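Novice: Dropping in final17.tsv, which is TSV, C-alpha atoms:
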```
chain	number	residue	atom	x	y	z
U	116	MET	CA	-5.88	10.01	-26.43
U	117	ARG	CA	-7.07	11.93	-23.39
U	118	LEU	CA	-7.38	10.42	-19.92
U	119	LYS	CA	-8.51	12.06	-16.70
U	120	GLN	CA	-6.09	11.38	-13.87
U	121	TYR	CA	-6.17	12.21	-10.17
U	122	GLN	CA	-3.31	12.29	-7.68
U	123	VAL	CA	-4.37	11.42	-4.15
U	124	ASP	CA	-2.46	11.38	-0.88
U	125	ALA	CA	-3.60	8.20	0.87
U	126	PHE	CA	-3.45	7.59	4.61
U	127	ALA	CA	-3.23	11.36	4.97
U	128	SER	CA	-5.46	14.01	6.56
U	129	ARG	CA	-3.77	16.88	4.72
U	130	VAL	CA	-1.85	17.29	1.51
U	131	PHE	CA	1.83	16.36	1.21
U	132	GLU	CA	1.73	13.57	3.78
U	133	GLY	CA	0.84	9.91	3.52
U	134	ASN	CA	1.44	8.04	0.26
U	135	PRO	CA	0.68	9.62	-3.14
U	136	ALA	CA	-0.99	7.49	-5.81
U	137	ALA	CA	-2.21	8.31	-9.30
U	138	VAL	CA	-5.67	7.07	-10.29
U	139	CYS	CA	-7.04	6.68	-13.84
U	140	ALA	CA	-10.71	5.84	-14.41
U	141	LEU	CA	-10.99	3.98	-17.73
U	142	GLU	CA	-13.95	3.11	-19.94
U	143	SER	CA	-12.13	-0.05	-21.07
U	144	TRP	CA	-8.73	-1.56	-20.45
U	145	LEU	CA	-5.72	-0.08	-22.16
U	146	ASP	CA	-2.86	-2.18	-23.45
U	147	ASP	CA	-0.71	-3.41	-20.55
U	148	ALA	CA	2.41	-1.77	-21.99
U	149	LEU	CA	0.64	1.58	-22.15
U	150	MET	CA	-0.53	1.38	-18.54
U	151	GLN	CA	3.01	0.48	-17.50
U	152	ALA	CA	4.33	3.47	-19.48
U	153	ILE	CA	1.86	5.79	-17.74
U	154	ALA	CA	2.97	4.45	-14.35
U	155	GLU	CA	6.61	4.97	-15.29
U	156	GLU	CA	5.82	8.53	-16.42
U	157	ASN	CA	4.03	9.28	-13.13
U	158	ASN	CA	7.02	7.89	-11.18
U	159	LEU	CA	4.89	7.34	-8.07
U	160	ALA	CA	4.94	4.18	-5.98
U	161	GLU	CA	1.65	3.13	-7.60
U	162	THR	CA	-0.69	4.13	-10.40
U	163	ALA	CA	-4.16	2.55	-10.14
U	164	PHE	CA	-6.43	1.88	-13.11
U	165	PHE	CA	-10.05	0.79	-12.82
U	166	VAL	CA	-12.89	-0.15	-15.17
U	167	ALA	CA	-16.58	-0.56	-14.29
U	168	ALA	CA	-17.61	-4.24	-14.26
U	169	GLY	CA	-21.14	-5.27	-13.27
U	170	GLU	CA	-22.01	-3.72	-9.91
U	171	GLY	CA	-18.36	-3.08	-9.06
U	172	PHE	CA	-15.01	-2.35	-10.67
U	173	GLU	CA	-11.94	-4.19	-11.87
U	174	LEU	CA	-8.79	-2.65	-10.36
U	175	ARG	CA	-5.11	-3.02	-11.25
U	176	TRP	CA	-1.96	-1.44	-9.83
U	177	PHE	CA	1.38	-0.60	-11.47
U	178	THR	CA	4.63	0.57	-9.92
U	179	PRO	CA	7.07	2.41	-12.23
U	180	VAL	CA	8.52	-0.97	-13.25
U	181	ALA	CA	5.89	-3.71	-12.80
U	182	GLU	CA	2.28	-4.65	-12.12
U	183	VAL	CA	1.67	-5.88	-8.56
U	184	ASP	CA	-0.85	-8.25	-6.98
U	185	LEU	CA	-1.97	-6.05	-4.10
U	186	CYS	CA	-1.69	-2.38	-3.14
U	187	GLY	CA	-3.43	-0.78	-0.21
U	188	HIS	CA	-2.80	2.93	-0.60
U	189	ALA	CA	-3.75	3.00	-4.29
U	190	THR	CA	-6.95	1.08	-3.49
U	191	LEU	CA	-7.77	3.73	-0.89
U	192	ALA	CA	-7.00	6.42	-3.48
U	193	ALA	CA	-9.22	4.78	-6.13
U	194	ALA	CA	-12.13	4.52	-3.68
U	195	HIS	CA	-11.63	8.17	-2.69
U	196	VAL	CA	-11.86	9.22	-6.36
U	197	LEU	CA	-15.06	7.23	-6.87
U	198	PHE	CA	-16.72	8.60	-3.73
U	199	GLU	CA	-15.51	12.21	-3.95
U	200	HIS	CA	-15.18	12.93	-7.67
U	201	LEU	CA	-17.20	10.42	-9.70
U	202	GLY	CA	-20.43	10.42	-7.73
U	203	TYR	CA	-20.44	6.82	-6.52
U	204	ALA	CA	-23.49	6.68	-4.26
U	205	GLN	CA	-23.44	3.17	-2.76
U	206	PRO	CA	-21.94	2.73	0.75
U	207	VAL	CA	-19.51	-0.01	-0.32
U	208	ILE	CA	-17.29	-0.31	-3.41
U	209	THR	CA	-16.24	-3.79	-4.55
U	210	PHE	CA	-13.01	-4.03	-6.53
U	211	SER	CA	-12.19	-7.24	-8.41
U	212	THR	CA	-8.40	-7.72	-8.32
U	213	ARG	CA	-5.59	-10.26	-8.61
U	214	SER	CA	-5.98	-10.70	-4.83
U	215	GLY	CA	-9.71	-11.41	-5.00
U	216	ASP	CA	-12.58	-9.06	-4.19
U	217	LEU	CA	-11.60	-6.07	-2.05
U	218	ARG	CA	-14.33	-3.95	-0.45
U	219	VAL	CA	-14.04	-0.34	0.65
U	220	GLN	CA	-16.62	1.31	2.89
U	221	ARG	CA	-17.12	4.82	4.20
U	222	GLN	CA	-16.70	5.14	7.96
U	223	GLY	CA	-17.26	8.80	8.76
U	224	PRO	CA	-14.27	10.78	7.46
U	225	GLN	CA	-12.29	7.59	6.83
U	226	LEU	CA	-12.45	4.70	4.40
U	227	ALA	CA	-12.17	1.10	5.60
U	228	MET	CA	-10.69	-1.53	3.28
U	229	ASP	CA	-11.39	-5.26	3.67
U	230	PHE	CA	-8.22	-7.12	2.64
U	231	PRO	CA	-6.88	-10.67	3.09
U	232	ALA	CA	-4.75	-11.35	6.16
U	233	ILE	CA	-1.34	-12.69	5.14
U	234	PRO	CA	0.36	-14.56	8.00
U	235	ALA	CA	4.16	-14.70	7.83
U	236	THR	CA	6.34	-17.70	8.66
U	237	ALA	CA	9.59	-17.55	10.63
U	238	CYS	CA	12.70	-18.01	8.50
U	239	ALA	CA	16.46	-17.58	8.60
U	240	ALA	CA	17.66	-14.04	7.90
U	241	PRO	CA	19.06	-13.85	4.34
U	242	GLU	CA	22.56	-12.41	4.16
U	243	ALA	CA	21.38	-9.72	1.73
U	244	LEU	CA	18.67	-8.63	4.17
U	245	VAL	CA	21.05	-8.16	7.10
U	246	ALA	CA	23.59	-6.41	4.88
U	247	GLY	CA	20.88	-4.24	3.34
U	248	LEU	CA	19.52	-3.12	6.71
U	249	GLY	CA	22.94	-2.76	8.32
U	250	ARG	CA	21.89	-4.55	11.49
U	251	GLN	CA	20.62	-7.92	12.71
U	252	PRO	CA	16.85	-8.13	13.41
U	253	LEU	CA	15.48	-9.89	16.46
U	254	GLU	CA	13.57	-12.18	14.12
U	255	VAL	CA	12.77	-12.50	10.43
U	256	LEU	CA	9.60	-13.86	8.85
U	257	ALA	CA	8.53	-14.31	5.23
U	258	ALA	CA	5.27	-13.93	3.32
U	259	ASP	CA	4.89	-11.80	0.20
U	260	ASP	CA	7.66	-9.68	1.75
U	261	TYR	CA	10.28	-10.26	4.41
U	262	LEU	CA	9.34	-8.94	7.85
U	263	ALA	CA	12.32	-7.92	9.99
U	264	VAL	CA	11.38	-7.23	13.61
U	265	PHE	CA	13.39	-4.94	15.90
U	266	ALA	CA	13.17	-4.04	19.58
U	267	SER	CA	12.30	-0.35	19.36
U	268	GLU	CA	10.86	2.40	17.19
U	269	ALA	CA	14.19	4.22	17.43
U	270	GLU	CA	15.96	1.30	15.73
U	271	VAL	CA	13.44	1.27	12.88
U	272	ARG	CA	13.80	5.01	12.36
U	273	ALA	CA	17.61	4.78	12.40
U	274	ILE	CA	17.91	2.26	9.55
U	275	THR	CA	19.67	3.56	6.43
U	276	PRO	CA	19.01	0.84	3.85
U	277	ASN	CA	21.49	-0.32	1.24
U	278	HIS	CA	19.21	-0.78	-1.75
U	279	GLY	CA	21.83	-2.66	-3.74
U	280	TRP	CA	21.70	-5.49	-1.22
U	281	LEU	CA	17.91	-5.36	-0.74
U	282	SER	CA	17.27	-5.52	-4.48
U	283	GLN	CA	18.93	-8.97	-4.52
U	284	LEU	CA	16.26	-10.53	-2.29
U	285	ASP	CA	13.85	-13.04	-3.80
U	286	LEU	CA	10.65	-11.55	-2.34
U	287	ARG	CA	8.94	-8.26	-3.24
U	288	GLY	CA	10.44	-6.17	-0.47
U	289	VAL	CA	11.32	-5.80	3.21
U	290	ILE	CA	9.13	-4.57	6.04
U	291	VAL	CA	10.94	-3.43	9.19
U	292	SER	CA	8.81	-3.11	12.30
U	293	ALA	CA	8.90	-2.66	16.07
U	294	PRO	CA	6.59	-1.75	18.95
U	295	GLY	CA	5.62	1.91	18.71
U	296	ASP	CA	6.14	4.63	21.27
U	297	ALA	CA	2.66	6.15	20.74
U	298	VAL	CA	0.95	3.43	18.68
U	299	ASP	CA	0.84	-0.37	18.87
U	300	PHE	CA	3.51	-0.80	16.18
U	301	VAL	CA	5.53	1.15	13.63
U	302	SER	CA	7.05	0.11	10.31
U	303	ARG	CA	8.96	1.09	7.19
U	304	PHE	CA	8.93	-0.62	3.79
U	305	PHE	CA	11.63	-0.98	1.13
U	306	ALA	CA	11.09	-2.49	-2.35
U	307	PRO	CA	13.95	-1.24	-4.56
U	308	LYS	CA	13.65	-3.96	-7.21
U	309	TYR	CA	10.09	-2.73	-7.87
U	310	GLY	CA	11.27	0.85	-8.27
U	311	ILE	CA	10.28	1.84	-4.71
U	312	PRO	CA	13.37	2.57	-2.57
U	313	GLU	CA	11.11	3.44	0.39
U	314	ASP	CA	7.33	3.51	0.27
U	315	PRO	CA	5.77	6.27	2.40
U	316	VAL	CA	2.77	4.22	3.66
U	317	THR	CA	2.15	0.63	2.55
U	318	GLY	CA	-1.33	-0.79	3.02
U	319	SER	CA	-0.48	-4.28	1.74
U	320	ALA	CA	2.39	-4.60	4.25
U	321	HIS	CA	-0.18	-4.25	7.03
U	322	CYS	CA	-1.90	-7.41	5.80
U	323	ILE	CA	1.25	-9.11	7.10
U	324	LEU	CA	1.89	-6.81	10.07
U	325	THR	CA	-1.61	-6.95	11.56
U	326	PRO	CA	-1.77	-10.72	12.25
U	327	TYR	CA	1.85	-10.69	13.47
U	328	TRP	CA	1.36	-7.88	15.97
U	329	ALA	CA	-2.09	-9.11	17.05
U	330	ALA	CA	-0.47	-12.36	18.15
U	331	ARG	CA	2.69	-10.72	19.50
U	332	LEU	CA	0.73	-8.23	21.63
U	333	GLY	CA	-1.76	-10.84	22.81
U	334	LYS	CA	-4.65	-9.22	20.96
U	335	ASP	CA	-5.52	-12.02	18.54
U	336	GLY	CA	-9.17	-12.44	19.57
U	337	ALA	CA	-12.18	-12.65	17.26
U	338	LYS	CA	-11.87	-8.93	16.51
U	339	THR	CA	-8.68	-7.07	17.25
U	340	ASN	CA	-8.07	-3.33	16.83
U	341	LEU	CA	-4.50	-2.04	16.50
U	342	SER	CA	-3.04	1.39	15.84
U	343	ALA	CA	-0.11	1.71	13.46
U	344	ARG	CA	2.15	4.34	11.96
U	345	GLN	CA	4.55	4.01	9.06
U	346	VAL	CA	7.51	6.15	10.05
U	347	SER	CA	8.83	7.13	6.63
U	348	LYS	CA	9.75	10.74	5.91
U	349	ARG	CA	6.15	11.56	4.91
U	350	GLY	CA	4.57	9.12	7.37
U	351	GLY	CA	0.98	8.03	7.81
U	352	ASN	CA	-1.42	6.50	10.33
U	353	LEU	CA	-3.52	3.37	9.87
U	354	GLY	CA	-6.20	1.63	11.87
U	355	CYS	CA	-5.78	-2.15	11.62
U	356	THR	CA	-8.48	-4.65	12.60
U	357	LEU	CA	-7.90	-8.40	12.43
U	358	GLN	CA	-11.12	-10.29	11.70
U	359	GLY	CA	-10.28	-13.97	11.28
U	360	GLU	CA	-8.69	-14.39	7.85
U	361	ARG	CA	-9.33	-10.76	6.89
U	362	VAL	CA	-7.73	-7.45	7.80
U	363	VAL	CA	-9.64	-4.15	7.77
U	364	LEU	CA	-7.34	-1.19	7.16
U	365	SER	CA	-8.71	2.30	7.69
U	366	GLY	CA	-7.40	5.72	6.79
U	367	SER	CA	-8.26	9.01	5.17
U	368	ALA	CA	-7.28	10.46	1.80
U	369	ILE	CA	-7.14	13.84	0.11
U	370	THR	CA	-6.91	14.90	-3.53
U	371	VAL	CA	-3.83	16.89	-4.49
U	372	MET	CA	-4.20	17.17	-8.26
U	373	GLU	CA	-6.61	16.64	-11.15
U	374	CYS	CA	-5.13	16.58	-14.64
U	375	GLU	CA	-5.63	15.29	-18.15
U	376	LEU	CA	-3.14	13.02	-19.86
U	377	ARG	CA	-2.83	13.77	-23.60
U	378	PHE	CA	-0.78	11.61	-25.93
U	379	ALA	CA	-0.77	9.89	-29.30
U	380	THR	CA	-0.83	6.09	-29.43
```
Could you render the structure as structure tokens?
Specialist:
Amino acid sequence: MRLKQYQVDAFASRVFEGNPAAVCALESWLDDALMQAIAEENNLAETAFFVAAGEGFELRWFTPVAEVDLCGHATLAAAHVLFEHLGYAQPVITFSTRSGDLRVQRQGPQLAMDFPAIPATACAAPEALVAGLGRQPLEVLAADDYLAVFASEAEVRAITPNHGWLSQLDLRGVIVSAPGDAVDFVSRFFAPKYGIPEDPVTGSAHCILTPYWAARLGKDGAKTNLSARQVSKRGGNLGCTLQGERVVLSGSAITVMECELRFAT
């Protein structure tokens, strides 16, 4: 079997920053176990697979250890491949996913992704979360992930996570966030039980972060624009717009590698 694969740095304006994702364009779906094996072989935070379906595409995402319900940076990478390498000529791409229809649109040099907003609910801080972060957050909320809020960007940058503790949590992962020095808010994201000790830039986390910070900063009007940066080692910038029950995340992407996977099945 031969498969064309692309590696794309998402939420990046130049190579070797942002979040790398592998993208495979398929004619039909492979066996789930094979897609998981390809993702494990790639050993990136996400490998995206898509298949043409009607006027759009079906899209799925795999970490090295499991399929996930929503991934922002690999969606951005898949749209980049369609626009830049596969000749997709329409202004908007519609992806059918486990999280519903996701739409990606060109906006000048950037791509804008229409995702669901995921409000988080205040909760008690789990012992494993505090132990895993090595410090007590100002507040903790829960949605698909835990959101631990701190007072300053410096505190977020200084965290050295204990992944043994964080892998014991019941949710997917932990977002840590604080007001930013040069942007509205900053964050980091840890999901060790999904094979991602620290994700460089996490689009799906901003579905939780955007409604939180829009309300916290008093910007929760009909249309709210926020600037964000994920302050991992590689780092990346995102534009975040809250539109009712939807979040529009914008960023740029760049191709790093094109290759062909060859293997016997």
Novice: Enter the distance from CA of Leu341 in chain U to CA of Pro231 in chain U, in Å, rounded to one decimal.
Specialist: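 Separation of CA of Leu341 in chain U and CA of Pro231 in chain U: 16.1 Å.
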Novice: Nearest to Gly354 in chain U among U:Glu182, U:Phe126, U:Ala152, U:Leu191, with distances taken over all atoms listed in the file: which residue is it?
Specialist: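 Of all the options, U:Phe126 lies closest to Gly354 in chain U.
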Novice: Quick one: of U:Ile233, U:Ala136, U:Cys186, U:Val316, who's nearest to Arg361 in chain U, counting all atoms listed in the file?
Specialist: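 Nearest to Arg361 in chain U: U:Ile233.
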Novice: In Å, how far is it from CA of Leu248 in chain U to CA of Thr275 in chain U?
Specialist: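 That distance, rounded to one decimal, is 6.7 Å.
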Novice: Mind running range 120-206 of chain U against range 213-225 of chain U at 9 Å and telling me each contacting residue's nearest atom pair with the distance in Å (one decimal), counting only C-alpha atoms, chain and number ascending, as CSV?
Specialist:
```
residue,atom,partner,partner_atom,distance
U:Leu174,CA,U:Arg213,CA,8.4
U:Arg175,CA,U:Arg213,CA,7.7
U:Val183,CA,U:Arg213,CA,8.5
U:Asp184,CA,U:Arg213,CA,5.4
U:Leu185,CA,U:Ser214,CA,6.2
U:Thr190,CA,U:Val219,CA,8.3
U:Leu191,CA,U:Val219,CA,7.6
U:Ala194,CA,U:Val219,CA,6.8
U:Phe198,CA,U:Arg221,CA,8.8
U:Pro206,CA,U:Gln220,CA,5.9
```
Novice: Grab the CA of Pro312 in chain U to CA of Ala293 in chain U distance for me, in Å with one decimal place.
Specialist: 19.9 Å
Novice: Got a sec: who's within 10 Å of Leu324 in chain U, counting all atoms listed in the file, leaving out chain neighbours fewer than 3 positions off, as a PyMOL selection string?
Specialist: chain U and resi 232-235+262+290-292+300-302+318-321+327-329+343+355+362
Novice: Using only C-alpha atoms, which protein or nucleic acid residues come within 10 Å of His200 in chain U? Drop anything in the same chain fewer than 4 positions from it, and give the result as a list of chain:residue names.
Specialist: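 Those residues are U:Tyr121, U:Ala194, U:His195, U:Val196, U:Thr370, U:Glu373.
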Novice: Check the smallest atom-to-atom distance from each of U:Val289, U:Ala330, U:Leu201, U:Ala193 to Ala163 in chain U using only C-alpha atoms, then report the winner.
Specialist: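 Smallest separation from Ala163 in chain U among the options: U:Ala193.
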Novice: Name the closest residue to Ile153 in chain U among the candidates U:Phe305, U:Thr212, U:Ala263, U:Thr380; distances are taken between atoms, counting all atoms listed in the file.
Specialist: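 The shortest atom-to-atom distance to Ile153 in chain U comes from U:Thr380.
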Novice: Restricting the calculation to only C-alpha atoms: of U:Pro326, U:Gly359, U:Pro294, U:Gly350, which residue gets closest to Asn134 in chain U?
Specialist: U:Gly350
Novice: Between U:Tyr309, U:Tyr261, U:Phe304, U:Trp144, which residue has the minimum interatomic distance to Arg344 in chain U, considering only C-alpha atoms?
Specialist: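 Ranking U:Tyr309, U:Tyr261, U:Phe304, U:Trp144 by distance to Arg344 in chain U, first place goes to U:Phe304.
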Novice: Can you tell me which residues surround range 238-241 of chain U at a distance of at most 10 Å, considering all atoms listed in the file, apart from same-chain residues fewer than 2 positions away, and format the answer as a list in words?
Specialist: Ala235, Thr236, Ala243, Leu244, Val245, Ala246, Gly247, Gln251, Pro252, Leu253, Glu254, Val255, Leu256, Ala257, Ala258, Tyr261, Leu262, Ala263, Leu281, Leu284 and Asp285 of chain U
Novice: Complete the atoms of range 284-314 of chain U to N, CA and C atoms and put them out as a JSON list (two decimals), keeping the file's coordinate frame.
Specialist:
```
[["chain", "number", "residue", "atom", "x", "y", "z"],
["U", 284, "LEU", "N", 17.12, -9.57, -2.98],
["U", 284, "LEU", "CA", 16.26, -10.53, -2.29],
["U", 284, "LEU", "C", 15.22, -11.12, -3.24],
["U", 285, "ASP", "N", 14.77, -12.33, -2.93],
["U", 285, "ASP", "CA", 13.85, -13.04, -3.80],
["U", 285, "ASP", "C", 12.40, -12.60, -3.65],
["U", 286, "LEU", "N", 12.03, -11.99, -2.54],
["U", 286, "LEU", "CA", 10.65, -11.55, -2.34],
["U", 286, "LEU", "C", 10.49, -10.10, -2.78],
["U", 287, "ARG", "N", 9.24, -9.60, -2.73],
["U", 287, "ARG", "CA", 8.94, -8.26, -3.24],
["U", 287, "ARG", "C", 9.73, -7.17, -2.54],
["U", 288, "GLY", "N", 9.77, -7.23, -1.21],
["U", 288, "GLY", "CA", 10.44, -6.17, -0.47],
["U", 288, "GLY", "C", 10.67, -6.57, 0.97],
["U", 289, "VAL", "N", 11.01, -5.57, 1.80],
["U", 289, "VAL", "CA", 11.32, -5.80, 3.21],
["U", 289, "VAL", "C", 10.53, -4.82, 4.06],
["U", 290, "ILE", "N", 9.80, -5.37, 5.02],
["U", 290, "ILE", "CA", 9.13, -4.57, 6.04],
["U", 290, "ILE", "C", 10.02, -4.61, 7.29],
["U", 291, "VAL", "N", 10.29, -3.46, 7.87],
["U", 291, "VAL", "CA", 10.94, -3.43, 9.19],
["U", 291, "VAL", "C", 9.92, -2.88, 10.18],
["U", 292, "SER", "N", 9.88, -3.47, 11.35],
["U", 292, "SER", "CA", 8.81, -3.11, 12.30],
["U", 292, "SER", "C", 9.28, -3.29, 13.73],
["U", 293, "ALA", "N", 8.59, -2.59, 14.64],
["U", 293, "ALA", "CA", 8.90, -2.66, 16.07],
["U", 293, "ALA", "C", 7.69, -2.13, 16.84],
["U", 294, "PRO", "N", 7.63, -2.39, 18.15],
["U", 294, "PRO", "CA", 6.59, -1.75, 18.95],
["U", 294, "PRO", "C", 6.72, -0.23, 18.85],
["U", 295, "GLY", "N", 5.59, 0.46, 18.84],
["U", 295, "GLY", "CA", 5.62, 1.91, 18.71],
["U", 295, "GLY", "C", 5.64, 2.61, 20.05],
["U", 296, "ASP", "N", 6.14, 3.83, 20.05],
["U", 296, "ASP", "CA", 6.14, 4.63, 21.27],
["U", 296, "ASP", "C", 4.74, 5.17, 21.59],
["U", 297, "ALA", "N", 3.98, 5.56, 20.54],
["U", 297, "ALA", "CA", 2.66, 6.15, 20.74],
["U", 297, "ALA", "C", 1.55, 5.35, 20.08],
["U", 298, "VAL", "N", 1.91, 4.31, 19.34],
["U", 298, "VAL", "CA", 0.95, 3.43, 18.68],
["U", 298, "VAL", "C", 1.35, 1.99, 18.98],
["U", 299, "ASP", "N", 0.52, 1.03, 18.58],
["U", 299, "ASP", "CA", 0.84, -0.37, 18.87],
["U", 299, "ASP", "C", 2.11, -0.82, 18.16],
["U", 300, "PHE", "N", 2.28, -0.42, 16.89],
["U", 300, "PHE", "CA", 3.51, -0.80, 16.18],
["U", 300, "PHE", "C", 3.80, 0.21, 15.08],
["U", 301, "VAL", "N", 5.08, 0.28, 14.71],
["U", 301, "VAL", "CA", 5.53, 1.15, 13.63],
["U", 301, "VAL", "C", 6.20, 0.29, 12.57],
["U", 302, "SER", "N", 6.40, 0.86, 11.39],
["U", 302, "SER", "CA", 7.05, 0.11, 10.31],
["U", 302, "SER", "C", 7.65, 1.06, 9.29],
["U", 303, "ARG", "N", 8.50, 0.48, 8.43],
["U", 303, "ARG", "CA", 8.96, 1.09, 7.19],
["U", 303, "ARG", "C", 8.98, -0.01, 6.14],
["U", 304, "PHE", "N", 9.00, 0.38, 4.86],
["U", 304, "PHE", "CA", 8.93, -0.62, 3.79],
["U", 304, "PHE", "C", 9.84, -0.23, 2.65],
["U", 305, "PHE", "N", 10.68, -1.20, 2.21],
["U", 305, "PHE", "CA", 11.63, -0.98, 1.13],
["U", 305, "PHE", "C", 11.40, -2.03, 0.03],
["U", 306, "ALA", "N", 11.27, -1.57, -1.22],
["U", 306, "ALA", "CA", 11.09, -2.49, -2.35],
["U", 306, "ALA", "C", 11.85, -1.97, -3.57],
["U", 307, "PRO", "N", 13.19, -1.89, -3.49],
["U", 307, "PRO", "CA", 13.95, -1.24, -4.56],
["U", 307, "PRO", "C", 13.86, -1.96, -5.90],
["U", 308, "LYS", "N", 13.69, -3.29, -5.91],
["U", 308, "LYS", "CA", 13.65, -3.96, -7.21],
["U", 308, "LYS", "C", 12.32, -3.73, -7.93],
["U", 309, "TYR", "N", 11.34, -3.15, -7.24],
["U", 309, "TYR", "CA", 10.09, -2.73, -7.87],
["U", 309, "TYR", "C", 10.05, -1.23, -8.10],
["U", 310, "GLY", "N", 11.21, -0.58, -8.02],
["U", 310, "GLY", "CA", 11.27, 0.85, -8.27],
["U", 310, "GLY", "C", 10.81, 1.70, -7.10],
["U", 311, "ILE", "N", 10.75, 1.11, -5.90],
["U", 311, "ILE", "CA", 10.28, 1.84, -4.71],
["U", 311, "ILE", "C", 11.35, 1.73, -3.63],
["U", 312, "PRO", "N", 12.33, 2.65, -3.60],
["U", 312, "PRO", "CA", 13.37, 2.57, -2.57],
["U", 312, "PRO", "C", 12.78, 2.54, -1.15],
["U", 313, "GLU", "N", 11.88, 3.49, -0.85],
["U", 313, "GLU", "CA", 11.11, 3.44, 0.39],
["U", 313, "GLU", "C", 9.72, 3.95, 0.13],
["U", 314, "ASP", "N", 8.73, 3.13, 0.46],
["U", 314, "ASP", "CA", 7.33, 3.51, 0.27],
["U", 314, "ASP", "C", 6.87, 4.32, 1.48]]
```
